[in-house]
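Worksheet: the structure to be examined is printed underneath.
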Amino acid sequence: MAAALRINPERLTEDLAGLSRIGLHEDGSVTRLAFSPAELRARQYVMHLCQRAGISVRLDGIGNLIARVEGDVTGEAAVAMGSHVDSVPRGGRFDGAMGVIAALEVVRTIKEAGTPLAHPLEVLVFVAEESSRFGVSTIGSSAMAGTVEPDRLLGLTDRMGHRLSEILARSGLTGDDVAAARRLPGEVGHYLELHIEQGRVLKEAGEQVGVVRAIAAPCRLKIRYQGRADHSGATPMDLRKDALVAAANLVTYVEEVCRAPGPVPVVGTVGMLDVRPGAINVIPGEATLWIDLRSIGLEARTACRDAVVARARALAAERGLTCSIDTLMDDPPVVLDSGTTEVLADVCATQRLAWRLMDSGAGHDAMQMAAITRAGMLFVPSDEGISHNPREWTSLPDIVAGAQVLLEATVRLATRAGRAGAVTR
Amino acid sequence: MTEEVIMDGRSLAEALDQIRTSIADRFRNATGLGLIGIRTRGEYLARRLAAALEPALTMRIAVGALDITVHRDDFDALQEQIKVKGSQIDFDPGGRPIVLVDDVLYTGRSVRAAIDAVMALGRPSVIALAVLVDRGYRELPIRADFVGREVATTREQKVRVQLEEVDGVDRVLLVGMPA
């Protein structure tokens, strides 16, 4: 019976197109920064789709959307699916949004078919998955999983100086509400996330679906050098305290240390650099760089971080600068639940798809949810591996294939009564 | 299928002149008036109106062209190629009166998209609407402030505005079965 269920590709496409129109630019990119009006409209849009489908929906204390269909057995843990609708500036239309609409489509399909399920189903739309605004990713799922202290989240500040606590207060949300967003043990039994790969592994192999085993969580450092902003003409080279030159040296060092061969690959990026005062005739008195280090291997990543921090301090000492180092994120890489991964793999095999087991280089909400539930993750191919870009593209047949695996896996997991409950890690 | 010329070059010019006079009356004391035409033909109408308004109002009038593609409520953002001409508005529409200019007012959906597109760029003090032809059948609560000609049509008919700059001739056609 379960095998007969098919998701509705037209409805999925139409709703994803509707979501894509929110925050859309003329080059096909979208900007829906966390807690911006566009992102809020996107959450309202999903809420509206849920309401239309007769699915009860609420927002938790940090703004995560929770849509829920009750199961036939009371007290069973939910099988949840989801992703995010926020984006990077001028990002793609599929990142996060595709997984949200696919999850909703799965729940709608099951609900319409009247398939009896022991477990409740949930669609989760997490706020602030992208780090573009606060320099920290997966904020909403961290709050739900309780992996980060609410006070730490509330104190986050964007580049304009807006604190998350103030932004939430405008929606009437307090620190207590954020604390209450944490789900209790046993509420969510499984979490499944369908996402675009954002790399080119599947595309180059000609495969439709990837079952993710592990997620390489990022370690993020914010390093600020302070020197002296002096006149560029009147200050001889030996009297300068140029913060940018130290930062520039550190940028090349990040590349060097990550390129050095090791047992497990580490990737390192400096994607953001803030130079002040930022005038052509003024020596940079202050330079801030944001460093992102990722690996499946915690030891390898920690070794790189330690090396970068040591070099950052040495550069400051050499040049008579002060240097402050903030660790914005230091989450361990996450190995997803093996039982859930097996179910996803078995569904792929049963559906005779071209698929593979793989790791994720990018962080996802699933890595936070893995702390409180059995989390599994599916990838569908990204054309040319392009993401965070207007040219981000995943073909509709691939989206449908991924959504169909999500549907089948959800039915299997939600049919089994009992043995639900929180996972302790 | 029939084609009836409902406005020739002369009546089109008269209609534009009437719009120009009304805009001049309303915005005589305004500062920084901007005319934004909805692409394609609205852009050319906006340029003509601005050229005629400048001597009448003795002020510089900012003119821009708006591509509403991505703001349309039926726009399929998942089609592989996003074909947009792009807006060309080289002034800040914020804090000044803006007159949107389009050739035909029909359901009102294009105008709604145009309002969204302008608001995405700034916050005008006023947005008004000028159309060459109002053919009725609104689907949204939208009306034009300045209308060249009201034309009675059936749903099945099409109103086609042709302009010298694009089509080589100034006229308005009513296409389809006569009412």
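If you're wondering about the labels, chains in the structure tokens are A, B, ... by order shown, residues count from 1 in each chain, ligands from 1 in order shown.
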TODO: Tell me the residues of chain A close to chain B, meaning within 10 Å using only C-alpha atoms, as a PyMOL selection string.
DONE: chain A and resi 13-14+16-29+93-94+391+393-396
Open item on the list: Could you go through stretch 41-286 of chain A and tell me which residues DSSP, when run on the backbone, assigns to helix (DSSP H, G or I), listing them as number ranges by chain?
Closed with: A: 41-52, 97-113, 139-145, 150-154, 164-169, 175-180, 201-205, 237-239, 243-259
Output C-alpha atoms of each residue in that selection to a file, as an mmCIF file, in the first residue's frame.
data_model
loop_
_atom_site.group_PDB
_atom_site.id
_atom_site.type_symbol
_atom_site.label_atom_id
_atom_site.label_comp_id
_atom_site.auth_asym_id
_atom_site.auth_seq_id
_atom_site.Cartn_x
_atom_site.Cartn_y
_atom_site.Cartn_z
ATOM 1 C CA ARG A 41 7.114 36.397 3.977
ATOM 2 C CA ALA A 42 8.599 33.042 2.968
ATOM 3 C CA ARG A 43 7.701 31.525 6.336
ATOM 4 C CA GLN A 44 4.210 33.019 6.067
ATOM 5 C CA TYR A 45 3.901 31.490 2.604
ATOM 6 C CA VAL A 46 4.735 28.004 3.916
ATOM 7 C CA MET A 47 2.348 28.576 6.800
ATOM 8 C CA HIS A 48 -0.351 29.457 4.310
ATOM 9 C CA LEU A 49 0.345 26.275 2.279
ATOM 10 C CA CYS A 50 0.033 24.209 5.462
ATOM 11 C CA GLN A 51 -3.237 25.877 6.387
ATOM 12 C CA ARG A 52 -4.585 25.257 2.897
ATOM 13 C CA ALA A 97 13.461 25.929 0.049
ATOM 14 C CA MET A 98 13.362 22.730 -1.999
ATOM 15 C CA GLY A 99 13.632 20.564 1.129
ATOM 16 C CA VAL A 100 10.861 22.490 2.866
ATOM 17 C CA ILE A 101 8.418 22.179 -0.017
ATOM 18 C CA ALA A 102 9.336 18.510 -0.551
ATOM 19 C CA ALA A 103 8.692 17.799 3.142
ATOM 20 C CA LEU A 104 5.341 19.548 2.949
ATOM 21 C CA GLU A 105 4.478 17.601 -0.206
ATOM 22 C CA VAL A 106 5.301 14.321 1.559
ATOM 23 C CA VAL A 107 3.010 15.155 4.476
ATOM 24 C CA ARG A 108 0.237 16.332 2.146
ATOM 25 C CA THR A 109 0.491 13.146 0.065
ATOM 26 C CA ILE A 110 0.272 10.898 3.127
ATOM 27 C CA LYS A 111 -2.566 12.933 4.603
ATOM 28 C CA GLU A 112 -4.602 12.885 1.392
ATOM 29 C CA ALA A 113 -4.139 9.147 0.957
ATOM 30 C CA ILE A 139 20.451 29.120 14.722
ATOM 31 C CA GLY A 140 16.853 27.878 14.675
ATOM 32 C CA SER A 141 17.752 24.194 14.776
ATOM 33 C CA SER A 142 20.303 24.868 17.533
ATOM 34 C CA ALA A 143 17.513 26.392 19.609
ATOM 35 C CA MET A 144 15.217 23.453 18.929
ATOM 36 C CA ALA A 145 17.916 20.900 19.696
ATOM 37 C CA PRO A 150 19.695 30.610 24.460
ATOM 38 C CA ASP A 151 21.665 33.540 25.899
ATOM 39 C CA ARG A 152 24.426 32.955 23.398
ATOM 40 C CA LEU A 153 21.928 32.994 20.538
ATOM 41 C CA LEU A 154 20.172 36.104 21.870
ATOM 42 C CA LEU A 164 18.992 38.856 17.730
ATOM 43 C CA SER A 165 17.280 39.519 21.076
ATOM 44 C CA GLU A 166 16.021 42.894 19.770
ATOM 45 C CA ILE A 167 14.890 41.394 16.476
ATOM 46 C CA LEU A 168 12.925 38.686 18.298
ATOM 47 C CA ALA A 169 11.520 41.232 20.754
ATOM 48 C CA GLY A 175 14.696 34.736 26.043
ATOM 49 C CA ASP A 176 12.201 32.500 27.823
ATOM 50 C CA ASP A 177 10.482 31.837 24.519
ATOM 51 C CA VAL A 178 13.790 30.912 22.894
ATOM 52 C CA ALA A 179 14.530 28.524 25.762
ATOM 53 C CA ALA A 180 11.069 27.026 25.305
ATOM 54 C CA VAL A 201 29.763 14.656 -6.825
ATOM 55 C CA LEU A 202 26.312 13.318 -7.767
ATOM 56 C CA LYS A 203 26.124 15.218 -11.044
ATOM 57 C CA GLU A 204 29.480 13.979 -12.242
ATOM 58 C CA ALA A 205 28.631 10.406 -11.283
ATOM 59 C CA MET A 237 56.963 52.090 6.427
ATOM 60 C CA ASP A 238 58.852 51.292 9.639
ATOM 61 C CA LEU A 239 56.472 53.331 11.805
ATOM 62 C CA ALA A 243 46.224 45.727 10.525
ATOM 63 C CA LEU A 244 45.405 44.623 6.993
ATOM 64 C CA VAL A 245 48.881 43.341 6.187
ATOM 65 C CA ALA A 246 48.708 40.993 9.175
ATOM 66 C CA ALA A 247 45.224 39.880 8.085
ATOM 67 C CA ALA A 248 46.443 39.314 4.524
ATOM 68 C CA ASN A 249 49.270 37.141 5.788
ATOM 69 C CA LEU A 250 46.786 35.140 7.797
ATOM 70 C CA VAL A 251 44.576 34.634 4.732
ATOM 71 C CA THR A 252 47.399 32.978 2.818
ATOM 72 C CA TYR A 253 48.337 30.969 5.905
ATOM 73 C CA VAL A 254 44.801 29.512 6.131
ATOM 74 C CA GLU A 255 45.194 28.246 2.583
ATOM 75 C CA GLU A 256 48.655 26.903 3.281
ATOM 76 C CA VAL A 257 47.695 24.987 6.406
ATOM 77 C CA CYS A 258 44.598 23.458 4.804
ATOM 78 C CA ARG A 259 46.502 22.449 1.680
#
- [ ] Check the smallest atom-to-atom distance from each of B:Thr31, B:Ser22, B:Thr58, B:Thr154 to B:Gly95 using only C-alpha atoms, then report the winner.
- [x] B:Thr31
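Rounded to one decimal, atom CA of A:Gln368 and atom CA of A:Val212 lie 14.6 Å from each other.
Of the listed residues (A:Gly54, A:Pro218, A:Pro116, A:Gly278), A:Pro218 comes nearest to A:Asp330; the distances count only C-alpha atoms.
Using only C-alpha atoms for every distance, the candidate list A:Tyr191, A:Ala310, A:Ala316, A:Leu321 yields A:Leu321 as the residue closest to A:Arg228.
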Task: Surrounding residues of B:Arg47 excluding itself and chain neighbours under 3 positions, 8 Å, only C-alpha atoms, as a PyMOL selection string - done: chain B and resi 35+37+43-44+50-51+63
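The two atoms in question, atom CA of A:Glu70 and atom CA of A:Leu406, are spaced 18.4 Å apart.
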- [ ] Name all residues at most 12 Å from B:Val99 (count only C-alpha atoms; drop same-chain ones fewer than 2 positions away) and give them as a PyMOL selection string.
- [x] chain B and resi 19-20+22-24+26-27+32-38+42-43+45-47+49-50+61-66+93+96-97+101-102+111+114-115+118+124-131+144-146
Task: Spatial neighbours of A:Ser132, 12 Å, only C-alpha atoms, chain gap at least 5 places, as number ranges by chain - done: A: 31-36, 86-91, 137-139, 157-159, 271-272, 290, 388
As an mmCIF file with N, CA and C atoms, in the first residue's frame, please: the residues near A:Ala414 (cut-off 10 Å, only C-alpha atoms, same-chain neighbours under 4 positions excluded).
data_model
loop_
_atom_site.group_PDB
_atom_site.id
_atom_site.type_symbol
_atom_site.label_atom_id
_atom_site.label_comp_id
_atom_site.auth_asym_id
_atom_site.auth_seq_id
_atom_site.Cartn_x
_atom_site.Cartn_y
_atom_site.Cartn_z
ATOM 1 N N GLY A 71 -0.550 11.314 14.692
ATOM 2 C CA GLY A 71 -0.589 9.902 14.332
ATOM 3 C C GLY A 71 -1.749 9.201 15.003
ATOM 4 N N GLU A 76 3.379 8.698 20.657
ATOM 5 C CA GLU A 76 4.513 8.296 19.815
ATOM 6 C C GLU A 76 5.318 9.536 19.402
ATOM 7 N N ALA A 77 6.606 9.342 19.181
ATOM 8 C CA ALA A 77 7.464 10.457 18.763
ATOM 9 C C ALA A 77 7.218 10.781 17.293
ATOM 10 N N ALA A 78 7.386 12.023 16.950
ATOM 11 C CA ALA A 78 7.121 12.457 15.579
ATOM 12 C C ALA A 78 8.242 12.049 14.621
ATOM 13 N N VAL A 79 7.852 11.800 13.384
ATOM 14 C CA VAL A 79 8.830 11.714 12.299
ATOM 15 C C VAL A 79 8.805 13.089 11.633
ATOM 16 N N ALA A 80 9.898 13.828 11.789
ATOM 17 C CA ALA A 80 9.938 15.205 11.305
ATOM 18 C C ALA A 80 10.798 15.301 10.054
ATOM 19 N N PRO A 116 -2.767 5.166 7.309
ATOM 20 C CA PRO A 116 -2.725 5.151 8.774
ATOM 21 C C PRO A 116 -1.279 5.074 9.264
ATOM 22 N N LEU A 117 -0.893 6.012 10.107
ATOM 23 C CA LEU A 117 0.463 6.030 10.626
ATOM 24 C C LEU A 117 0.426 6.094 12.144
ATOM 25 N N ALA A 118 1.300 5.314 12.774
ATOM 26 C CA ALA A 118 1.347 5.316 14.235
ATOM 27 C C ALA A 118 1.890 6.649 14.746
ATOM 28 N N HIS A 119 2.891 7.178 14.054
ATOM 29 C CA HIS A 119 3.601 8.366 14.539
ATOM 30 C C HIS A 119 3.058 9.652 13.922
ATOM 31 N N PRO A 120 3.123 10.739 14.674
ATOM 32 C CA PRO A 120 2.807 12.033 14.065
ATOM 33 C C PRO A 120 3.873 12.399 13.031
ATOM 34 N N LEU A 121 3.486 13.237 12.081
ATOM 35 C CA LEU A 121 4.439 13.763 11.089
ATOM 36 C C LEU A 121 4.603 15.259 11.326
ATOM 37 N N GLY A 189 11.198 11.626 17.038
ATOM 38 C CA GLY A 189 11.906 10.348 16.956
ATOM 39 C C GLY A 189 12.911 10.305 15.821
ATOM 40 N N HIS A 190 12.534 10.920 14.707
ATOM 41 C CA HIS A 190 13.406 10.955 13.533
ATOM 42 C C HIS A 190 13.353 12.346 12.903
ATOM 43 N N GLU A 408 8.723 7.642 0.932
ATOM 44 C CA GLU A 408 8.760 6.206 1.244
ATOM 45 C C GLU A 408 9.416 5.967 2.609
ATOM 46 N N ALA A 409 10.519 6.665 2.864
ATOM 47 C CA ALA A 409 11.229 6.502 4.135
ATOM 48 C C ALA A 409 10.358 6.977 5.297
ATOM 49 N N THR A 410 9.644 8.082 5.073
ATOM 50 C CA THR A 410 8.771 8.617 6.125
ATOM 51 C C THR A 410 7.672 7.612 6.469
ATOM 52 N N GLY A 418 5.921 2.173 18.453
ATOM 53 C CA GLY A 418 6.813 1.911 19.577
ATOM 54 C C GLY A 418 8.266 2.210 19.267
ATOM 55 N N ALA A 420 9.965 4.484 19.783
ATOM 56 C CA ALA A 420 10.335 5.859 19.466
ATOM 57 C C ALA A 420 10.930 6.476 20.713
#
Task: Near-A:Arg68 list (8 Å; only C-alpha atoms; drop same-chain fewer than 6 positions) as a PyMOL selection string - done: chain A and resi 55-57+120-123
Task: Two-atom distance - atom CA of A:Gly186, atom CA of A:Leu59 (Å) - done: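 Between atom CA of A:Gly186 and atom CA of A:Leu59 the gap works out to 19.6 Å.
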- [ ] Rank nothing, just name the residue among B:Ala30, B:Met1, B:Ile142, B:Ala13 nearest to B:Arg60, using only C-alpha atoms.
- [x]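 The closest residue to B:Arg60 is B:Ala30.
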Open item on the list: Counting only C-alpha atoms, which residue out of B:Val133, B:Leu57, B:Met119, B:Leu173 sits closest to B:Leu105?
Closed with: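 Among the listed residues, B:Val133 lies closest to B:Leu105.
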